[in-house]
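Here is the file query_14.cif (mmCIF, C-alpha atoms).
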data_start
loop_
_atom_site.group_PDB
_atom_site.id
_atom_site.type_symbol
_atom_site.label_atom_id
_atom_site.label_comp_id
_atom_site.auth_asym_id
_atom_site.auth_seq_id
_atom_site.Cartn_x
_atom_site.Cartn_y
_atom_site.Cartn_z
ATOM 1 C CA MET A 1 179.337 -71.125 -127.131
ATOM 2 C CA SER A 2 178.580 -68.099 -124.939
ATOM 3 C CA SER A 3 175.106 -67.619 -123.506
ATOM 4 C CA ALA A 4 174.509 -64.668 -125.843
ATOM 5 C CA GLU A 5 174.827 -67.019 -128.759
ATOM 6 C CA ILE A 6 172.191 -69.427 -127.484
ATOM 7 C CA LYS A 7 169.183 -68.714 -129.612
ATOM 8 C CA ARG A 8 165.880 -67.952 -127.943
ATOM 9 C CA LYS A 9 163.016 -70.269 -128.725
ATOM 10 C CA LYS A 10 160.573 -68.955 -131.282
ATOM 11 C CA VAL A 11 156.820 -68.630 -130.986
ATOM 12 C CA LEU A 12 154.648 -68.026 -134.035
ATOM 13 C CA PHE A 13 151.466 -65.990 -133.483
ATOM 14 C CA ILE A 14 149.276 -66.608 -136.522
ATOM 15 C CA SER A 15 145.687 -65.572 -137.246
ATOM 16 C CA SER A 16 143.371 -63.841 -139.654
ATOM 17 C CA CYS A 17 142.757 -60.106 -139.306
ATOM 18 C CA GLY A 18 140.550 -57.996 -137.066
ATOM 19 C CA GLY A 19 139.195 -59.536 -133.881
ATOM 20 C CA HIS A 20 141.247 -62.728 -134.064
ATOM 21 C CA TRP A 21 144.443 -60.700 -134.305
ATOM 22 C CA LYS A 22 143.479 -58.331 -131.472
ATOM 23 C CA GLN A 23 142.699 -61.231 -129.149
ATOM 24 C CA MET A 24 145.870 -63.121 -130.071
ATOM 25 C CA ARG A 25 148.075 -60.120 -129.287
ATOM 26 C CA ARG A 26 146.646 -60.039 -125.768
ATOM 27 C CA LEU A 27 148.256 -63.430 -125.137
ATOM 28 C CA GLU A 28 151.790 -62.113 -125.651
ATOM 29 C CA PRO A 29 152.537 -61.777 -121.893
ATOM 30 C CA ALA A 30 152.723 -65.588 -121.706
ATOM 31 C CA PHE A 31 155.727 -65.586 -124.057
ATOM 32 C CA VAL A 32 158.186 -63.113 -122.500
ATOM 33 C CA GLU A 33 161.145 -65.427 -122.955
ATOM 34 C CA PHE A 34 160.432 -66.233 -126.578
ATOM 35 C CA GLU A 35 161.458 -64.648 -129.871
ATOM 36 C CA LYS A 36 158.060 -63.592 -131.200
ATOM 37 C CA HIS A 37 157.067 -63.958 -134.838
ATOM 38 C CA PHE A 38 153.746 -62.779 -136.243
ATOM 39 C CA ALA A 39 151.760 -63.879 -139.280
ATOM 40 C CA ALA A 40 148.448 -62.513 -140.580
ATOM 41 C CA THR A 41 146.356 -62.484 -143.732
ATOM 42 C CA ASP A 42 146.870 -58.784 -144.502
ATOM 43 C CA ALA A 43 150.294 -57.595 -145.679
ATOM 44 C CA SER A 44 149.811 -54.167 -144.053
ATOM 45 C CA TYR A 45 149.565 -55.718 -140.572
ATOM 46 C CA TYR A 46 153.347 -55.413 -140.219
ATOM 47 C CA GLN A 47 152.442 -51.874 -139.054
ATOM 48 C CA PHE A 48 151.063 -53.316 -135.810
ATOM 49 C CA VAL A 49 154.345 -55.046 -134.940
ATOM 50 C CA ILE A 50 157.034 -52.644 -136.144
ATOM 51 C CA GLY A 51 160.492 -53.927 -135.227
ATOM 52 C CA GLN A 52 159.347 -57.539 -134.894
ATOM 53 C CA PRO A 53 159.370 -60.247 -137.575
ATOM 54 C CA PHE A 54 156.120 -60.291 -139.573
ATOM 55 C CA HIS A 55 155.060 -62.819 -142.209
ATOM 56 C CA TYR A 56 152.214 -62.326 -144.677
ATOM 57 C CA ILE A 57 149.962 -65.295 -145.469
ATOM 58 C CA PRO A 58 147.371 -65.034 -148.292
ATOM 59 C CA ASP A 59 143.760 -64.673 -147.175
ATOM 60 C CA ALA A 60 141.236 -67.433 -147.850
ATOM 61 C CA SER A 61 137.816 -68.576 -146.760
ATOM 62 C CA MET A 62 136.245 -71.974 -146.412
ATOM 63 C CA TRP A 63 134.341 -71.251 -149.636
ATOM 64 C CA ASN A 64 137.280 -70.934 -152.001
ATOM 65 C CA LYS A 65 139.192 -74.212 -152.270
ATOM 66 C CA ILE A 66 142.056 -72.992 -154.460
ATOM 67 C CA ARG A 67 142.891 -70.084 -152.189
ATOM 68 C CA LEU A 68 142.650 -72.417 -149.189
ATOM 69 C CA ILE A 69 145.262 -74.731 -150.729
ATOM 70 C CA TRP A 70 147.521 -71.781 -151.522
ATOM 71 C CA GLN A 71 147.112 -70.551 -147.950
ATOM 72 C CA ALA A 72 147.916 -73.996 -146.523
ATOM 73 C CA LEU A 73 151.102 -74.241 -148.607
ATOM 74 C CA SER A 74 152.174 -70.743 -147.527
ATOM 75 C CA VAL A 75 151.710 -71.717 -143.888
ATOM 76 C CA LEU A 76 153.698 -74.926 -144.386
ATOM 77 C CA MET A 77 156.571 -73.060 -146.039
ATOM 78 C CA LEU A 78 156.637 -70.527 -143.203
ATOM 79 C CA LEU A 79 156.801 -73.290 -140.578
ATOM 80 C CA ILE A 80 159.635 -75.046 -142.429
ATOM 81 C CA LYS A 81 161.560 -71.773 -142.675
ATOM 82 C CA LEU A 82 160.960 -70.650 -139.064
ATOM 83 C CA ARG A 83 160.953 -73.893 -137.097
ATOM 84 C CA PRO A 84 159.201 -72.313 -134.093
ATOM 85 C CA ALA A 85 158.983 -74.158 -130.761
ATOM 86 C CA VAL A 86 155.360 -73.090 -130.275
ATOM 87 C CA VAL A 87 152.518 -72.077 -132.603
ATOM 88 C CA ILE A 88 149.498 -70.227 -131.207
ATOM 89 C CA SER A 89 146.308 -69.112 -132.967
ATOM 90 C CA THR A 90 142.856 -67.657 -132.277
ATOM 91 C CA GLY A 91 141.465 -68.392 -135.787
ATOM 92 C CA ALA A 92 140.536 -69.038 -138.477
ATOM 93 C CA SER A 93 141.517 -71.256 -141.472
ATOM 94 C CA VAL A 94 145.090 -69.902 -141.376
ATOM 95 C CA GLY A 95 145.352 -70.944 -137.724
ATOM 96 C CA PHE A 96 143.892 -74.355 -138.462
ATOM 97 C CA PHE A 97 146.562 -75.027 -141.119
ATOM 98 C CA ALA A 98 149.312 -73.740 -138.839
ATOM 99 C CA LEU A 99 148.356 -76.129 -136.032
ATOM 100 C CA PHE A 100 147.732 -79.013 -138.462
ATOM 101 C CA PHE A 101 151.248 -78.850 -139.963
ATOM 102 C CA ALA A 102 152.948 -77.837 -136.705
ATOM 103 C CA LYS A 103 151.578 -80.912 -134.923
ATOM 104 C CA LYS A 104 153.024 -83.154 -137.647
ATOM 105 C CA MET A 105 156.372 -81.360 -137.253
ATOM 106 C CA LYS A 106 156.301 -82.030 -133.477
ATOM 107 C CA ILE A 107 155.925 -78.323 -132.716
ATOM 108 C CA LYS A 108 153.799 -77.499 -129.648
ATOM 109 C CA THR A 109 150.404 -76.106 -130.619
ATOM 110 C CA ILE A 110 147.904 -73.851 -128.823
ATOM 111 C CA TRP A 111 144.401 -72.891 -129.963
ATOM 112 C CA VAL A 112 142.444 -70.188 -128.129
ATOM 113 C CA ASP A 113 139.009 -69.963 -129.725
ATOM 114 C CA SER A 114 137.691 -66.442 -130.346
ATOM 115 C CA LEU A 115 135.370 -64.714 -127.875
ATOM 116 C CA ALA A 116 133.026 -64.179 -130.816
ATOM 117 C CA ASN A 117 132.048 -67.841 -130.557
ATOM 118 C CA VAL A 118 129.719 -67.705 -127.594
ATOM 119 C CA GLU A 119 127.315 -70.496 -128.460
ATOM 120 C CA GLN A 120 129.659 -73.058 -129.988
ATOM 121 C CA MET A 121 133.293 -73.440 -130.997
ATOM 122 C CA SER A 122 134.165 -71.896 -134.361
ATOM 123 C CA LEU A 123 134.343 -74.150 -137.420
ATOM 124 C CA SER A 124 138.167 -74.049 -137.451
ATOM 125 C CA GLY A 125 138.201 -74.299 -133.666
ATOM 126 C CA SER A 126 136.283 -77.566 -133.606
ATOM 127 C CA LYS A 127 138.147 -79.116 -136.540
ATOM 128 C CA VAL A 128 141.534 -78.266 -135.001
ATOM 129 C CA LYS A 129 140.975 -80.396 -131.880
ATOM 130 C CA PRO A 130 143.232 -83.345 -132.896
ATOM 131 C CA TYR A 131 146.102 -80.980 -133.707
ATOM 132 C CA ALA A 132 145.924 -78.673 -130.676
ATOM 133 C CA ASP A 133 148.132 -79.719 -127.729
ATOM 134 C CA LEU A 134 146.371 -77.040 -125.694
ATOM 135 C CA TRP A 135 142.778 -76.584 -126.892
ATOM 136 C CA LEU A 136 140.979 -73.679 -125.226
ATOM 137 C CA THR A 137 137.669 -71.837 -125.298
ATOM 138 C CA GLN A 138 137.195 -68.423 -123.723
ATOM 139 C CA TRP A 139 133.672 -69.277 -122.550
ATOM 140 C CA GLU A 140 133.300 -71.423 -119.440
ATOM 141 C CA HIS A 141 129.973 -72.870 -120.576
ATOM 142 C CA LEU A 142 131.594 -74.340 -123.720
ATOM 143 C CA ALA A 143 134.277 -76.232 -121.754
ATOM 144 C CA THR A 144 133.966 -80.020 -121.361
ATOM 145 C CA PRO A 145 136.063 -82.568 -119.417
ATOM 146 C CA THR A 146 137.651 -83.724 -122.687
ATOM 147 C CA GLY A 147 138.183 -80.213 -124.036
ATOM 148 C CA PRO A 148 137.969 -77.532 -125.025
ATOM 149 C CA TYR A 149 139.278 -76.327 -121.669
ATOM 150 C CA PHE A 150 138.600 -73.002 -120.017
ATOM 151 C CA TYR A 151 140.998 -70.956 -117.885
ATOM 152 C CA GLY A 152 139.873 -67.420 -118.644
ATOM 153 C CA ALA A 153 139.480 -64.886 -121.420
ATOM 154 C CA VAL A 154 141.447 -62.015 -122.958
ATOM 155 C CA LEU A 155 138.803 -59.562 -121.684
ATOM 156 C CA MET B 1 134.319 -37.147 -134.876
ATOM 157 C CA ILE B 2 132.164 -40.214 -135.377
ATOM 158 C CA PHE B 3 134.058 -43.189 -136.760
ATOM 159 C CA VAL B 4 132.095 -45.960 -138.453
ATOM 160 C CA THR B 5 133.806 -49.286 -139.156
ATOM 161 C CA VAL B 6 132.329 -52.510 -140.502
ATOM 162 C CA GLY B 7 135.381 -54.703 -141.051
ATOM 163 C CA SER B 8 136.908 -55.655 -144.373
ATOM 164 C CA GLN B 9 135.475 -59.067 -145.160
ATOM 165 C CA LEU B 10 131.727 -58.627 -145.620
ATOM 166 C CA PRO B 11 129.353 -55.857 -146.729
ATOM 167 C CA PHE B 12 127.089 -54.156 -144.188
ATOM 168 C CA ASP B 13 124.836 -51.855 -146.193
ATOM 169 C CA ARG B 14 122.124 -51.540 -143.526
ATOM 170 C CA LEU B 15 124.541 -49.819 -141.159
ATOM 171 C CA THR B 16 126.177 -47.684 -143.850
ATOM 172 C CA ILE B 17 122.789 -46.473 -145.115
ATOM 173 C CA ALA B 18 121.475 -45.801 -141.609
ATOM 174 C CA VAL B 19 124.479 -43.591 -140.737
ATOM 175 C CA ASP B 20 124.296 -41.795 -144.088
ATOM 176 C CA GLU B 21 120.584 -41.133 -143.577
ATOM 177 C CA TRP B 22 121.257 -39.843 -140.083
ATOM 178 C CA ALA B 23 123.909 -37.455 -141.421
ATOM 179 C CA LYS B 24 121.459 -36.202 -144.047
ATOM 180 C CA ASN B 25 118.568 -35.638 -141.623
ATOM 181 C CA SER B 26 120.169 -34.665 -138.326
ATOM 182 C CA GLY B 27 121.839 -31.419 -139.329
ATOM 183 C CA SER B 28 124.587 -32.371 -136.880
ATOM 184 C CA ALA B 29 127.910 -30.577 -137.232
ATOM 185 C CA VAL B 30 129.805 -33.614 -135.966
ATOM 186 C CA PRO B 31 131.935 -34.972 -138.827
ATOM 187 C CA VAL B 32 131.547 -38.646 -139.724
ATOM 188 C CA PHE B 33 134.118 -40.910 -141.326
ATOM 189 C CA ALA B 34 133.153 -44.433 -142.372
ATOM 190 C CA GLN B 35 135.218 -47.457 -143.323
ATOM 191 C CA ILE B 36 132.604 -49.345 -145.317
ATOM 192 C CA GLY B 37 134.534 -52.388 -146.564
ATOM 193 C CA ILE B 38 132.834 -54.072 -149.481
ATOM 194 C CA SER B 39 129.393 -52.583 -148.832
ATOM 195 C CA THR B 40 127.752 -51.831 -152.177
ATOM 196 C CA TYR B 41 125.969 -48.663 -151.020
ATOM 197 C CA LYS B 42 128.125 -45.578 -151.452
ATOM 198 C CA PRO B 43 127.364 -42.879 -148.847
ATOM 199 C CA GLN B 44 126.265 -39.430 -150.099
ATOM 200 C CA HIS B 45 126.461 -37.393 -146.907
ATOM 201 C CA ILE B 46 129.570 -38.620 -145.078
ATOM 202 C CA ASP B 47 133.236 -39.194 -145.891
ATOM 203 C CA TYR B 48 134.168 -42.823 -146.362
ATOM 204 C CA CYS B 49 136.730 -45.310 -147.606
ATOM 205 C CA GLN B 50 136.709 -49.039 -148.316
ATOM 206 C CA THR B 51 139.704 -50.185 -146.294
ATOM 207 C CA MET B 52 142.312 -48.524 -144.106
ATOM 208 C CA THR B 53 145.909 -49.217 -143.212
ATOM 209 C CA PRO B 54 146.417 -50.325 -139.597
ATOM 210 C CA ASP B 55 148.018 -46.948 -138.771
ATOM 211 C CA ASP B 56 145.108 -44.923 -140.193
ATOM 212 C CA TYR B 57 142.598 -47.246 -138.591
ATOM 213 C CA GLN B 58 144.184 -46.919 -135.170
ATOM 214 C CA SER B 59 144.438 -43.129 -135.371
ATOM 215 C CA SER B 60 140.775 -42.866 -136.442
ATOM 216 C CA LEU B 61 139.764 -44.923 -133.413
ATOM 217 C CA GLU B 62 141.858 -42.693 -131.173
ATOM 218 C CA LYS B 63 140.458 -39.471 -132.660
ATOM 219 C CA ALA B 64 136.835 -40.624 -132.531
ATOM 220 C CA ASP B 65 134.450 -39.277 -129.888
ATOM 221 C CA LEU B 66 132.101 -42.127 -130.693
ATOM 222 C CA ILE B 67 132.473 -45.354 -132.679
ATOM 223 C CA ILE B 68 129.738 -47.161 -134.614
ATOM 224 C CA SER B 69 130.363 -50.730 -135.738
ATOM 225 C CA HIS B 70 129.141 -54.240 -136.401
ATOM 226 C CA ALA B 71 129.367 -56.519 -133.344
ATOM 227 C CA GLY B 72 132.906 -57.687 -134.123
ATOM 228 C CA MET B 73 135.485 -58.498 -131.446
ATOM 229 C CA GLY B 74 138.180 -56.276 -132.965
ATOM 230 C CA THR B 75 136.201 -53.065 -132.514
ATOM 231 C CA ILE B 76 134.875 -54.171 -129.129
ATOM 232 C CA ILE B 77 138.399 -54.690 -127.774
ATOM 233 C CA SER B 78 139.661 -51.427 -129.303
ATOM 234 C CA ALA B 79 136.795 -49.392 -127.829
ATOM 235 C CA LEU B 80 137.350 -50.960 -124.402
ATOM 236 C CA GLU B 81 141.087 -50.278 -124.538
ATOM 237 C CA LEU B 82 140.508 -46.655 -125.554
ATOM 238 C CA GLY B 83 137.476 -46.087 -123.299
ATOM 239 C CA LYS B 84 135.243 -44.875 -126.140
ATOM 240 C CA THR B 85 131.484 -45.088 -126.538
ATOM 241 C CA LEU B 86 130.700 -47.850 -129.013
ATOM 242 C CA LEU B 87 127.360 -48.304 -130.781
ATOM 243 C CA LEU B 88 127.011 -51.869 -132.015
ATOM 244 C CA MET B 89 124.544 -53.183 -134.561
ATOM 245 C CA PRO B 90 124.671 -56.927 -135.191
ATOM 246 C CA ARG B 91 125.126 -58.451 -138.641
ATOM 247 C CA LEU B 92 122.258 -60.823 -139.383
ATOM 248 C CA ALA B 93 122.301 -63.968 -141.508
ATOM 249 C CA SER B 94 118.758 -63.171 -142.703
ATOM 250 C CA HIS B 95 120.220 -60.146 -144.548
ATOM 251 C CA SER B 96 123.212 -62.214 -145.810
ATOM 252 C CA GLU B 97 125.507 -60.084 -143.658
ATOM 253 C CA HIS B 98 127.254 -63.078 -142.095
ATOM 254 C CA ARG B 99 127.217 -66.872 -142.188
ATOM 255 C CA ASN B 100 125.176 -67.068 -138.989
ATOM 256 C CA ASP B 101 123.786 -64.923 -136.181
ATOM 257 C CA HIS B 102 126.741 -65.207 -133.816
ATOM 258 C CA GLN B 103 126.954 -61.402 -133.595
ATOM 259 C CA LEU B 104 123.653 -61.432 -131.669
ATOM 260 C CA ALA B 105 125.286 -63.610 -129.030
ATOM 261 C CA THR B 106 128.403 -61.445 -129.024
ATOM 262 C CA LEU B 107 126.264 -58.377 -128.455
ATOM 263 C CA LYS B 108 124.353 -60.020 -125.623
ATOM 264 C CA ASN B 109 127.554 -61.029 -123.872
ATOM 265 C CA PHE B 110 129.374 -57.698 -124.137
ATOM 266 C CA SER B 111 126.553 -55.189 -123.672
ATOM 267 C CA HIS B 112 127.190 -55.124 -119.901
ATOM 268 C CA PHE B 113 130.273 -52.946 -120.481
ATOM 269 C CA ALA B 114 129.424 -49.328 -119.658
ATOM 270 C CA ASN B 115 130.752 -47.985 -122.957
ATOM 271 C CA ILE B 116 128.832 -50.399 -125.181
ATOM 272 C CA VAL B 117 125.410 -49.457 -126.528
ATOM 273 C CA SER B 118 123.558 -52.011 -128.580
ATOM 274 C CA ILE B 119 121.260 -51.144 -131.453
ATOM 275 C CA LYS B 120 118.795 -53.800 -132.545
ATOM 276 C CA ASP B 121 118.515 -52.627 -136.126
ATOM 277 C CA GLU B 122 118.791 -49.625 -138.457
ATOM 278 C CA THR B 123 115.531 -48.100 -137.210
ATOM 279 C CA GLU B 124 117.073 -47.500 -133.774
ATOM 280 C CA LEU B 125 120.279 -45.914 -134.986
ATOM 281 C CA ALA B 126 119.315 -42.245 -135.400
ATOM 282 C CA GLN B 127 117.602 -41.911 -132.041
ATOM 283 C CA THR B 128 120.336 -43.758 -130.139
ATOM 284 C CA LEU B 129 123.053 -41.767 -131.863
ATOM 285 C CA ASP B 130 121.418 -38.408 -131.058
ATOM 286 C CA LYS B 131 121.042 -39.457 -127.435
ATOM 287 C CA GLN B 132 124.649 -40.612 -127.119
ATOM 288 C CA LEU B 133 126.013 -37.464 -128.737
ATOM 289 C CA SER B 134 124.119 -35.307 -126.257
ATOM 290 C CA GLU B 135 125.779 -37.073 -123.295
ATOM 291 C CA LYS B 136 129.551 -36.743 -123.209
ATOM 292 C CA LYS B 137 130.741 -39.782 -121.343
ATOM 293 C CA PHE B 138 133.997 -40.787 -119.725
ATOM 294 C CA TYR B 139 134.681 -44.312 -118.621
ATOM 295 C CA SER B 140 137.095 -44.722 -115.766
ATOM 296 C CA ASN B 141 137.158 -48.367 -114.852
ATOM 297 C CA LEU B 142 136.396 -50.613 -117.787
ATOM 298 C CA GLU B 143 137.686 -54.041 -116.856
ATOM 299 C CA THR B 144 139.738 -55.096 -119.818
ATOM 300 C CA GLU B 145 142.521 -57.148 -118.269
ATOM 301 C CA VAL B 146 143.567 -60.447 -119.743
ATOM 302 C CA SER B 147 142.717 -63.235 -117.316
ATOM 303 C CA PRO B 148 145.895 -64.061 -115.322
ATOM 304 C CA ALA B 149 144.680 -67.680 -115.114
ATOM 305 C CA LEU B 150 144.656 -67.913 -118.911
ATOM 306 C CA ILE B 151 148.177 -66.470 -119.205
ATOM 307 C CA ASN B 152 149.386 -68.851 -116.454
ATOM 308 C CA ALA B 153 147.822 -71.881 -118.134
ATOM 309 C CA ILE B 154 149.658 -71.042 -121.357
ATOM 310 C CA LYS B 155 152.908 -70.362 -119.462
ATOM 311 C CA GLU B 156 152.694 -73.690 -117.673
ATOM 312 C CA PHE B 157 152.030 -75.461 -120.933
ATOM 313 C CA ILE B 158 154.984 -73.894 -122.750
ATOM 314 C CA ASN B 159 157.290 -74.660 -119.823
ATOM 315 C CA THR B 160 157.012 -78.238 -120.992
ATOM 316 C CA VAL B 161 158.629 -77.238 -124.307
ATOM 317 C CA ALA B 162 162.148 -78.641 -124.230
#

Mind converting the file's structure to structure tokens?
Amino acid sequence: MSSAEIKRKKVLFISSCGGHWKQMRRLEPAFVEFEKHFAATDASYYQFVIGQPFHYIPDASMWNKIRLIWQALSVLMLLIKLRPAVVISTGASVGFFALFFAKKMKIKTIWVDSLANVEQMSLSGSKVKPYADLWLTQWEHLATPTGPYFYGAVL
Amino acid sequence: MIFVTVGSQLPFDRLTIAVDEWAKNSGSAVPVFAQIGISTYKPQHIDYCQTMTPDDYQSSLEKADLIISHAGMGTIISALELGKTLLLMPRLASHSEHRNDHQLATLKNFSHFANIVSIKDETELAQTLDKQLSEKKFYSNLETEVSPALINAIKEFINTVA
């Protein structure tokens, strides 16, 4: 097999819309050697990543159980189809599900909690701890010796 | 052009009403366009829409001379990247505008940026807006770089991926 045929490893960037998405995209420089895939909870977000693979995941909130289950299944199906080497998320429920299933599939997982959570980790961000191989906050004062860890922020 | 944006997930009538009232009373010739999401109040004196495509949203941000928004990270990052004046009014749980008051903390922690102006509540909007419109501002050195240490930590971690 020639080197051109060796497939690049895939990374899946997955988050809800708005601020989570904007922060997540600022982490792309860490993945120059990867084939980047994006997933978000708004189908029109493909417009932000023209020319790159985009996957739509249905929106949900912690208050609607049926939509949450549908969202979780959509995330699981995407992971099975893609088989990424790394999954990274900044929030929220969609990112939690992605890391939860990815961890069970032995895919490396990264959580970078949103800058919006200044006083405490987000709900998804605290629940995701057991499934995040790299569990980060963007606020130094929220870091503890057992995680979340702090290295810096996207701003 | 003044661009107002409140996100797509939750209503923010206090801000929508305050901008509409300002447009009615100020006599300003500056056009206003508002993305009001699922706010129930429908503006009478400004152009608005519920949601926007990413392309339209981005071009409105780029065209705007001034942006007015809730204290959400998406708008904060966009305004920093584009070097635009951004008036922020926090969503409050007491008005059922969010689950909690985390936007107060966000505001406190980002108001040190030169382009960010915080508004406590709707009563401050008109005065602050008039003042900002009278001062054309340019921001030359907003520090918006991603922390190299954060990128390196992630790089080091993914190097362990076989």

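Neighbouring residues of Asp13 (chain B) at 10 Å or closer, counting all atoms listed in the file and skipping chain neighbours under 2 positions away, are Val6, Leu10, Pro11, Leu15, Thr16, Ile17, Ala18, Val19, Ile36, Gly37, Ile38, Ser39, Thr40, Tyr41, Lys42, Pro43, His95 and Glu97 of chain B.
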
Practice task
Would you kindly translate the PyMOL selection byres ((chain A and resi 148-150) around 9) into the concrete residues it picks from this file, as a ChimeraX atom specification?
Solution key: /A:113,121,126,129,134-147,151-153 /B:150

Exercise for the section: Would you kindly report the residues of chain B within 6 Å of chain A, using all atoms listed in the file, as a PyMOL selection string? Expected result: chain B and resi 73-74+106+144-147+149-151+155

Expand the PyMOL selection byres ((chain B and resi 56) around 12) into the explicit residue set it covers here, and present it as a compact mmCIF listing (two decimals) with C-alpha atoms, keeping the file's coordinate frame.
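So expr01.txt came out as:
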# COMPACT_ATOMS: atom_id res chain seq x y z
CA SER A 44 149.81 -54.17 -144.05
CA TYR A 45 149.56 -55.72 -140.57
CA GLN A 47 152.44 -51.87 -139.05
CA PHE A 48 151.06 -53.32 -135.81
CA PHE B 3 134.06 -43.19 -136.76
CA PHE B 33 134.12 -40.91 -141.33
CA GLN B 35 135.22 -47.46 -143.32
CA CYS B 49 136.73 -45.31 -147.61
CA THR B 51 139.70 -50.18 -146.29
CA MET B 52 142.31 -48.52 -144.11
CA THR B 53 145.91 -49.22 -143.21
CA PRO B 54 146.42 -50.32 -139.60
CA ASP B 55 148.02 -46.95 -138.77
CA TYR B 57 142.60 -47.25 -138.59
CA GLN B 58 144.18 -46.92 -135.17
CA SER B 59 144.44 -43.13 -135.37
CA SER B 60 140.78 -42.87 -136.44
CA LEU B 61 139.76 -44.92 -133.41
CA GLU B 62 141.86 -42.69 -131.17
CA LYS B 63 140.46 -39.47 -132.66

Problem - Residues in the PyMOL selection byres ((chain A and resi 71-77) around 7), expressed as a ChimeraX atom specification - result: /A:57-60,67-70,78-81,94,97-98,101

Test item: axis-aligned box, all listed atoms of region 39-47 of chain A, 4 Å on each side, centre and edges in Å rounded to one decimal, as lines of an AutoDock Vina configuration file:
center_x = 149.9
center_y = -57.9
center_z = -142.4
size_x = 15.0
size_y = 20.0
size_z = 14.6

Practice task
Could you please determine the separation between CA of Ile77 (chain B) and CA of Glu35 (chain A) in Å, to one decimal place?
Solution key: 25.2 Å

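CA of Glu156 (chain B) lies 29.1 Å from CA of Thr41 (chain A).
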
Handout entry: From B:Gly7, B:Ala126, B:Ile158, B:Ala34, residue lying nearest Trp22 (chain B) [only C-alpha atoms]
Key = B:Ala126

Problem - Distance of CA of Ser134 (chain B) from CA of Leu104 (chain B), expressed in Å to one decimal place - result: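 Going from CA of Leu104 (chain B) over to CA of Ser134 (chain B), I get 26.7 Å.
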
Problem - Closest of B:Val161, B:Ala93, B:Ala64, B:Leu107 to Lys10 (chain A) - atom-to-atom distances counting all atoms listed in the file - result: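 Counting all atoms listed in the file, the residue closest to Lys10 (chain A) is B:Val161.
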
Handout entry: Residue contacts of Leu123 (chain A) (10 Å, only C-alpha atoms) excluding same-chain residues fewer than 6 positions away, as a PyMOL selection string
Key = chain A and resi 62+91-93+96+113+117
